[in-house]
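Before any comments, here is the structure.
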Amino acid sequence: MATLASGFVLFRRETPFRYLTLRNARHGDVGLPKGHLEPGEGEIEGAIRETEEETGITAVRPNDWFRRKILYRSGGGTKEVTYFAGETSAREVRLSKEHDLAEWRDLDGTLAAIRHGNLRAVVRDAAIFLKDPILRRGLSPREAKALLASRVAENVVAHTAEVAAMARLIGEGSGNPDYVEAAAWLHDIGRAVTHDDRHPLEGFRLVVALGHPGYAPPCLSHYTKGDPDPKGPRYREMSEACDLETFDEAERAIALADALAAGPRRVTLEERYEDLARRYGPSPFLERNLAICRRLKADFEAQTGKDLYALLAIR
């Protein structure tokens, strides 16, 4: 029977994110905060206790939607470790005797420091789940357009062309308009797999599989509009794939742009949702989505002082 342990991919939400690594004082391997569970102890409870014992950090916000298990041989037996994502604002680390070095590293540095491939995979999965901004690189809008066009029908490309153009205008203040445009080109790529309510999740998975994980979250957030419904379709599956609770300027730009494109035409929110209701039938999901989009539009106009419809030439 395996010995059970748990721990955290412990991170600070900076630009780029910083992940805590600990060097084992005995054998020199670099790892993450973790340790054996005590009898009757829950996994999250054990991860919090072990993190405090090994680092002195007590303020950890666990995210148990992210959950990864690794199994390996240790001391003549087998150890099963469950890792969760854990956010903290702490910087100072107080090491126990078990470790002799603690470092906050960016994703690249963390992956380079960790020797074991299964643990590197946990960290990389966590970075994808958490939407680490360091992953938003390596794909131009032109390349994203070509990637989409090679997989979906012409009508999807025509719709996405308008979404990408509008998202760039809405997301000018995001600091990375090329990312916004490229990610917008891919937001509906899941329609290469299915046209039902699984297309956001299938799109996310496809973009990750294609090697561009930083461009995958808008596949989900264009659908949730930053306000996920726990009773909504695919909520659990989407929540386990990506952090739905965070919603930044780039995602907002893409979500709003998607709500303003009926096929290849730019339309008002009311016209867009009337079109959706005609195609799919009225539903509480569409009513809720429209209410969210109205709020996003009002927030954008309050924050920027710009009339959204005027900016996008929607009449």
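Lettering and numbering for the structure tokens are positional, with chains as A, B, ... in the shown order, residues counted from 1 in each chain, and ligands counted from 1 in the shown order.
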
Legend entry - Residues flagged strand (DSSP E or B) by DSSP in range 36-127 of chain A, as an MDAnalysis selection string: chainID A and resid 36 61:74 77:87 99:105

Legend entry - Near-range 192-196 of chain A list (8 Å; only C-alpha atoms; drop same-chain fewer than 3 positions) as a ChimeraX atom specification: /A:151-153,189,199,202-203

Inset, instruction - Rank nothing, just name the residue among A:Cys242, A:Leu37, A:Ala261, A:Ile44 nearest to Gly214 in chain A, using only C-alpha atoms. - result: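 Smallest distance to Gly214 in chain A is found for A:Cys242.
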
Legend entry - Residue among A:Ala257, A:Gly109, A:His222, A:Pro264 lying closest to Glu154 in chain A, counting only C-alpha atoms: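 Smallest distance to Glu154 in chain A is found for A:Pro264.
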
Go through range 52-145 of chain A and flag each residue having an atom no more than 12 Å from range 26-32 of chain A; for those, report the closest pair of atoms plus their distance in Å to one decimal, using only C-alpha atoms, ordered by chain and rising number, as JSON lines.
{"residue": "A:Glu54", "atom": "CA", "partner": "A:Leu32", "partner_atom": "CA", "distance": 9.8}
{"residue": "A:Thr55", "atom": "CA", "partner": "A:Leu32", "partner_atom": "CA", "distance": 10.3}
{"residue": "A:Val81", "atom": "CA", "partner": "A:Leu32", "partner_atom": "CA", "distance": 10.9}
{"residue": "A:Thr82", "atom": "CA", "partner": "A:Leu32", "partner_atom": "CA", "distance": 11.4}
{"residue": "A:Tyr83", "atom": "CA", "partner": "A:Leu32", "partner_atom": "CA", "distance": 9.1}
{"residue": "A:Phe84", "atom": "CA", "partner": "A:Leu32", "partner_atom": "CA", "distance": 10.9}
{"residue": "A:Ala85", "atom": "CA", "partner": "A:Leu32", "partner_atom": "CA", "distance": 11.1}
{"residue": "A:Gly86", "atom": "CA", "partner": "A:Leu32", "partner_atom": "CA", "distance": 11.2}
{"residue": "A:Lys97", "atom": "CA", "partner": "A:Arg26", "partner_atom": "CA", "distance": 9.6}
{"residue": "A:Glu98", "atom": "CA", "partner": "A:Arg26", "partner_atom": "CA", "distance": 7.5}
{"residue": "A:His99", "atom": "CA", "partner": "A:Arg26", "partner_atom": "CA", "distance": 7.8}
{"residue": "A:Asp100", "atom": "CA", "partner": "A:Gly28", "partner_atom": "CA", "distance": 8.6}
{"residue": "A:Leu101", "atom": "CA", "partner": "A:Val30", "partner_atom": "CA", "distance": 8.9}
{"residue": "A:Ala102", "atom": "CA", "partner": "A:Val30", "partner_atom": "CA", "distance": 9.1}
{"residue": "A:Glu103", "atom": "CA", "partner": "A:Val30", "partner_atom": "CA", "distance": 9.8}
{"residue": "A:Trp104", "atom": "CA", "partner": "A:Leu32", "partner_atom": "CA", "distance": 10.9}
{"residue": "A:Arg105", "atom": "CA", "partner": "A:Leu32", "partner_atom": "CA", "distance": 11.8}
{"residue": "A:Gly109", "atom": "CA", "partner": "A:Val30", "partner_atom": "CA", "distance": 11.5}
{"residue": "A:Thr110", "atom": "CA", "partner": "A:Val30", "partner_atom": "CA", "distance": 9.0}
{"residue": "A:Leu111", "atom": "CA", "partner": "A:Val30", "partner_atom": "CA", "distance": 10.1}
{"residue": "A:Ala112", "atom": "CA", "partner": "A:Val30", "partner_atom": "CA", "distance": 10.0}
{"residue": "A:Ala113", "atom": "CA", "partner": "A:Val30", "partner_atom": "CA", "distance": 6.4}
{"residue": "A:Ile114", "atom": "CA", "partner": "A:Val30", "partner_atom": "CA", "distance": 5.3}
{"residue": "A:Arg115", "atom": "CA", "partner": "A:Asp29", "partner_atom": "CA", "distance": 7.1}
{"residue": "A:His116", "atom": "CA", "partner": "A:Asp29", "partner_atom": "CA", "distance": 8.8}
{"residue": "A:Gly117", "atom": "CA", "partner": "A:Gly31", "partner_atom": "CA", "distance": 11.3}
{"residue": "A:Asn118", "atom": "CA", "partner": "A:Gly31", "partner_atom": "CA", "distance": 11.1}
{"residue": "A:Leu119", "atom": "CA", "partner": "A:Gly31", "partner_atom": "CA", "distance": 7.7}
{"residue": "A:Arg120", "atom": "CA", "partner": "A:Gly31", "partner_atom": "CA", "distance": 9.3}
{"residue": "A:Val122", "atom": "CA", "partner": "A:Leu32", "partner_atom": "CA", "distance": 10.3}
{"residue": "A:Val123", "atom": "CA", "partner": "A:Leu32", "partner_atom": "CA", "distance": 9.3}

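Near Glu181 in chain A, within a cut-off of 6 Å and counting only C-alpha atoms, sit the residues Pro141, Ala164 and Arg168 of chain A, with same-chain residues fewer than 5 positions away left out.
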
Inset, instruction - as a ChimeraX atom specification, please: all residues of range 15-202 of chain A that backbone DSSP puts in helix (DSSP H, G or I). - result: /A:43-55,107-113,117-130,133-135,141-149,154-174,177-186,189-192,199-202

Legend entry - Separation of CA of Pro218 in chain A from CA of His187 in chain A, in Å and rounded to one decimal: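 Computing the Euclidean distance for CA of Pro218 in chain A and CA of His187 in chain A yields 5.6 Å.
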
Inset, instruction - Name the residues in contact with Ala161 in chain A at a cut-off of 9 Å, using only C-alpha atoms, excluding same-chain residues fewer than 5 positions from it; report them as an MDAnalysis selection string. - result: chainID A and resid 145 156 166 184:185 264

How close does range 78-138 of chain A get to range 250-256 of chain A? List, as CSV, each residue of range 78-138 of chain A within 12 Å, its nearest atom pair and the distance in Å to one decimal, counting only C-alpha atoms.
residue,atom,partner,partner_atom,distance
A:Lys131,CA,A:Glu251,CA,10.8
A:Pro133,CA,A:Ala250,CA,10.8
A:Arg136,CA,A:Ala250,CA,10.8

Keeping only N, CA and C atoms, write the selected residues to a file as a PDB file, in the first residue's frame.
ATOM      1  N   LYS A 131      -3.320  30.002 -15.707  1.00  0.00           N
ATOM      2  CA  LYS A 131      -3.213  31.016 -16.755  1.00  0.00           C
ATOM      3  C   LYS A 131      -2.005  31.939 -16.536  1.00  0.00           C
ATOM      4  N   PRO A 133       0.789  34.251 -17.176  1.00  0.00           N
ATOM      5  CA  PRO A 133       1.037  35.092 -18.352  1.00  0.00           C
ATOM      6  C   PRO A 133       2.312  34.742 -19.125  1.00  0.00           C
ATOM      7  N   ARG A 136       1.898  33.200 -22.530  1.00  0.00           N
ATOM      8  CA  ARG A 136       1.300  33.968 -23.626  1.00  0.00           C
ATOM      9  C   ARG A 136       2.385  34.466 -24.587  1.00  0.00           C
TER      10      ARG A 136
END

Legend entry - One-decimal distance in Å that lies between CA of Cys293 in chain A and CA of Tyr273 in chain A: 10.2 Å

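Distance check against Ala277 in chain A using only C-alpha atoms: of A:Leu290, A:Leu20, A:Val60, A:Leu244, the minimum falls on A:Leu290.
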
Inset, instruction - With a distance cut-off of 8 Å and only C-alpha atoms, select the neighbouring residues of Arg315 in chain A, excluding the residue or stretch itself and same-chain residues fewer than 3 positions from it, and output the selection as a VMD selection string. - result: chain A and resid 267 to 268 309 to 310

Export, as a PDB file, in the first residue's frame, the selected residues with C-alpha atoms.
ATOM      1  CA  VAL A 267     -24.247  43.797 -33.937  1.00  0.00           C
ATOM      2  CA  THR A 268     -25.500  45.084 -30.601  1.00  0.00           C
ATOM      3  CA  TYR A 309     -20.526  50.665 -29.963  1.00  0.00           C
ATOM      4  CA  ALA A 310     -18.972  53.846 -31.328  1.00  0.00           C
TER       5      ALA A 310
END

Inset, instruction - Point out the residue among A:Leu186, A:His159, A:Arg94, A:Arg272 with the least atom-to-atom distance to Glu143 in chain A, counting only C-alpha atoms. - result: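 Among the listed residues, the smallest separation from Glu143 in chain A belongs to A:Leu186.
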